[in-house]
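*Asks:* Here's a structure for you.
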Amino acid sequence: GAVVSQHPSWVICKSGTSVKIECRSLDFQATTMFWYRQFPKQSLMLMATSNEGSKATYEQGVEKDKFLINHASLTLSTLTVTSAHPEDSSFYICSARSGGEVQPQHFGDGTRLSIL
Amino acid sequence: EDQVTQSPEALRLQEGESSSLNCSYTVSGLRGLFWYRQDPGKGPEFLFTLYSAGEEKEKERLKATLTKKESFLHITAPKPEDSATYLCAVRRGGGSEKLVFGKGTKLTVNP
């Protein structure tokens with residue numbers, strides 16, 4: 001149980017394009033979803049938290065106009081990297097949590113984004 | 001500011017050689033310490049949640065313990081398939097959803 005699917009698993013695109021990443025909870029309803037970035041040999045860094053039907057809450061230093069988050073249903077959240085540039089290249093990982101705050105977050109397998 | 005420090009950064013063990021990984025933390029009002037396993041190119045896989053000092057949890061060859069300042073992940077008689085990066089994260093009190101992660105310990109178990 002508690003399976004989170006993330007798609008695509010890798011993307012290579014040209015600078016200036018927008019990229020959409022999907023995160024789905026397959027066997028549970030995710031009241032809250034999270035988006036992280038991970039650079040090589042670094043910690044996972046939280047970018048934003050989203051609750052179904054509400055605007056996402058972004059961490060300090062994360063541009064909300066660049067990283068658009070939509071949490072339209074209890075099983076789907078999307079992250080759109082708008083006008084991506086090489087410095088946006090990273091490993092993006094989503095997680096989802098059901099029920100109360102004591103429940104753990106379950107992670108997808110991540111999306112490797114490379115901007116040329 | 002919440003901080004999580006994991007040590008060592010990397011650990012090489014022979015199959016069957018037991019050891020422990022450390023996670024030291026500083027957080028205001030701990031509302032959970034989480035252990036995850038991460039394989040290369042994959043997302044973290046949930047292992048344990050610990051909530052209060054003295055608590056212990058076990059799963060197969062893994063055992064997690066918690067004190068007021070640190071957590072240990074004990075690996076008993078590891079196998080090559082236990083090779084992975086082990087991540088520790090904490091969540092503070094006060095209604096925050098945020099997990100603060102350490103950089104992880106990369107464990108390699110040689111046959």
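Within each chain, counting starts at residue 1; across the structure tokens, chains are named A, B, ... in the order shown, with ligands numbered 1 upward in that order.
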Can you write out as a tab-separated table which residues of chain A fall within 7 Å of chain B, alongside each residue's closest atom pair and its distance in Å to one decimal, counting only C-alpha atoms and ordering rows by chain and ascending residue number?

*Replies:*
```
residue	atom	partner	partner_atom	distance
A:Lys41	CA	B:Lys103	CA	6.8
A:Gln42	CA	B:Lys103	CA	5.4
A:Ser43	CA	B:Lys103	CA	4.4
A:Leu44	CA	B:Phe101	CA	6.1
A:Ile93	CA	B:Gly43	CA	6.6
A:His106	CA	B:Phe46	CA	6.5
A:Phe107	CA	B:Gly43	CA	5.6
A:Gly108	CA	B:Gly43	CA	5.4
A:Asp109	CA	B:Gly43	CA	4.0
A:Gly110	CA	B:Gly43	CA	5.5
```

*Asks:* So that I can check the surroundings of stretch 9-14 of chain A, please list as number ranges by chain every protein, DNA and RNA residue that reaches within 12 Å of it, counting only C-alpha atoms and ignoring chain neighbours fewer than 5 positions away.

*Replies:* A: 19-23, 81-86, 88-94, 108-116; B: 41-43

*Asks:* So, with only C-alpha atoms as the atoms that count, which of A:Gln105, A:Ser15, A:Pro40, A:Ala56 lies closest to A:Ser77?

*Replies:*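 Result for the nearest residue to A:Ser77: A:Ala56.
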
*Asks:* Which residues, written as number ranges by chain, have at least one atom at most 7 Å from A:Ile69, with only C-alpha atoms counted and residues fewer than 6 positions away on the same chain left out?

*Replies:* A: 56, 78-80

*Asks:* Taking the DSSP secondary structure from the backbone, can you list the residues of chain B that are strand (DSSP E or B), as a count of residues only?

*Replies:* 66

*Asks:* Neighbours of stretch 56-73 of chain B within 6 Å (only C-alpha atoms; same-chain residues fewer than 4 positions away dropped), as a ChimeraX atom specification?

*Replies:* /B:20-25

*Asks:* Residues as selected, all heavy atoms, written as a PDB file, in the first residue's frame, can you do that?

*Replies:*
```pdb
ATOM      1  N   SER B  20      25.953   0.639  13.091  1.00  0.00           N
ATOM      2  CA  SER B  20      24.897   1.620  13.357  1.00  0.00           C
ATOM      3  C   SER B  20      25.142   2.904  12.597  1.00  0.00           C
ATOM      4  O   SER B  20      26.288   3.319  12.415  1.00  0.00           O
ATOM      5  CB  SER B  20      24.828   1.946  14.854  1.00  0.00           C
ATOM      6  OG  SER B  20      24.468   0.820  15.601  1.00  0.00           O
ATOM      7  N   LEU B  21      24.058   3.520  12.176  1.00  0.00           N
ATOM      8  CA  LEU B  21      24.094   4.834  11.555  1.00  0.00           C
ATOM      9  C   LEU B  21      23.518   5.843  12.540  1.00  0.00           C
ATOM     10  O   LEU B  21      22.569   5.533  13.260  1.00  0.00           O
ATOM     11  CB  LEU B  21      23.248   4.855  10.269  1.00  0.00           C
ATOM     12  CG  LEU B  21      23.437   3.718   9.284  1.00  0.00           C
ATOM     13  CD1 LEU B  21      22.562   3.926   8.065  1.00  0.00           C
ATOM     14  CD2 LEU B  21      24.888   3.581   8.898  1.00  0.00           C
ATOM     15  N   ASN B  22      24.081   7.064  12.527  1.00  0.00           N
ATOM     16  CA  ASN B  22      23.657   8.073  13.496  1.00  0.00           C
ATOM     17  C   ASN B  22      22.928   9.228  12.830  1.00  0.00           C
ATOM     18  O   ASN B  22      23.275   9.648  11.721  1.00  0.00           O
ATOM     19  CB  ASN B  22      24.875   8.603  14.249  1.00  0.00           C
ATOM     20  CG  ASN B  22      24.503   9.690  15.234  1.00  0.00           C
ATOM     21  OD1 ASN B  22      24.601  10.877  14.916  1.00  0.00           O
ATOM     22  ND2 ASN B  22      24.073   9.304  16.409  1.00  0.00           N
ATOM     23  N   CYS B  23      21.927   9.742  13.519  1.00  0.00           N
ATOM     24  CA  CYS B  23      21.202  10.936  13.085  1.00  0.00           C
ATOM     25  C   CYS B  23      21.061  11.855  14.293  1.00  0.00           C
ATOM     26  O   CYS B  23      20.306  11.543  15.220  1.00  0.00           O
ATOM     27  CB  CYS B  23      19.835  10.550  12.539  1.00  0.00           C
ATOM     28  SG  CYS B  23      18.740  11.950  12.208  1.00  0.00           S
ATOM     29  N   SER B  24      21.797  12.956  14.290  1.00  0.00           N
ATOM     30  CA  SER B  24      21.690  13.941  15.367  1.00  0.00           C
ATOM     31  C   SER B  24      20.777  15.064  14.906  1.00  0.00           C
ATOM     32  O   SER B  24      20.877  15.498  13.765  1.00  0.00           O
ATOM     33  CB  SER B  24      23.072  14.517  15.710  1.00  0.00           C
ATOM     34  OG  SER B  24      23.914  13.499  16.189  1.00  0.00           O
ATOM     35  N   TYR B  25      19.929  15.537  15.781  1.00  0.00           N
ATOM     36  CA  TYR B  25      18.962  16.544  15.345  1.00  0.00           C
ATOM     37  C   TYR B  25      18.790  17.663  16.364  1.00  0.00           C
ATOM     38  O   TYR B  25      18.996  17.476  17.565  1.00  0.00           O
ATOM     39  CB  TYR B  25      17.604  15.893  15.044  1.00  0.00           C
ATOM     40  CG  TYR B  25      16.932  15.284  16.255  1.00  0.00           C
ATOM     41  CD1 TYR B  25      16.060  16.037  17.042  1.00  0.00           C
ATOM     42  CD2 TYR B  25      17.157  13.959  16.611  1.00  0.00           C
ATOM     43  CE1 TYR B  25      15.438  15.489  18.148  1.00  0.00           C
ATOM     44  CE2 TYR B  25      16.545  13.405  17.722  1.00  0.00           C
ATOM     45  CZ  TYR B  25      15.685  14.152  18.494  1.00  0.00           C
ATOM     46  OH  TYR B  25      15.073  13.613  19.585  1.00  0.00           O
TER      47      TYR B  25
END
```

*Asks:* Residues at most 10 Å from stretch 13-15 of chain B, counting only C-alpha atoms, excluding those fewer than 2 positions away in the same chain, as a list in words?

*Replies:*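 Residues near the query, excluding close chain neighbours: Leu11, Glu17, Ser18, Ser19, Thr76, Ala77, Pro78, Lys79, Pro80, Glu81, Asp82, Ser83, Leu107, Thr108, Val109, Asn110 and Pro111 of chain B.
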
*Asks:* If I take atom CA of A:Ser54 and atom CA of A:Pro8, how far is one from the other in Å, to one decimal?

*Replies:*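 Between atom CA of A:Ser54 and atom CA of A:Pro8 the gap works out to 24.2 Å.
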
*Asks:* Report the distance between atom CA of A:Thr32 and atom CA of A:Asn51 in Å, rounded to one decimal place.

*Replies:*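 According to the coordinates, atom CA of A:Thr32 and atom CA of A:Asn51 are separated by 4.6 Å.
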
*Asks:* Extract, using only C-alpha atoms, all DNA, RNA and protein residues at most 9 Å from B:Ser28, discarding same-chain residues fewer than 4 positions from it, and format them as a ChimeraX atom specification.

*Replies:* /B:1-2,91-94

*Asks:* Could you tell me how far atom CA of A:Arg24 lies from atom CA of A:Ser95, in Å and to one decimal?

*Replies:* 9.1 Å

*Asks:* Using only C-alpha atoms, can you tell me which of A:Thr31, A:Gln6, A:Ser18, A:Gln38 comes closest to A:Glu52?

*Replies:*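 The answer is A:Thr31, which sits nearest to A:Glu52.
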
*Asks:* Might you pull out every residue within 6 Å of A:Thr75, with only C-alpha atoms counted and same-chain residues fewer than 5 positions away left off, and present them as a ChimeraX atom specification?

*Replies:* /A:24-25,29-30

*Asks:* May I have the selected residues written with N, CA, C and O atoms, as a short mmCIF file (atom, residue, chain, number, x, y, z; two decimals), in the first residue's frame?

*Replies:*
```cif
data_model
loop_
_atom_site.label_atom_id
_atom_site.label_comp_id
_atom_site.auth_asym_id
_atom_site.auth_seq_id
_atom_site.Cartn_x
_atom_site.Cartn_y
_atom_site.Cartn_z
N ARG A 24 0.91 11.12 -8.60
CA ARG A 24 -0.37 10.47 -8.28
C ARG A 24 -0.24 9.52 -7.11
O ARG A 24 0.72 8.74 -7.05
N SER A 25 -1.19 9.58 -6.21
CA SER A 25 -1.29 8.55 -5.18
C SER A 25 -2.21 7.46 -5.71
O SER A 25 -3.35 7.73 -6.09
N GLN A 29 -5.96 8.26 -0.72
CA GLN A 29 -6.29 9.66 -0.99
C GLN A 29 -5.31 10.56 -0.24
O GLN A 29 -5.17 10.45 0.98
N ALA A 30 -4.65 11.41 -0.99
CA ALA A 30 -3.60 12.25 -0.42
C ALA A 30 -4.16 13.62 -0.08
O ALA A 30 -4.41 14.44 -0.96
#
```

*Asks:* Would you mind telling me which residue in B:Thr105, B:Ile75, B:Arg37, B:Leu30 lies nearest to B:Ala53 when using only C-alpha atoms?

*Replies:*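 Nearest candidate to B:Ala53 out of B:Thr105, B:Ile75, B:Arg37, B:Leu30: B:Leu30.
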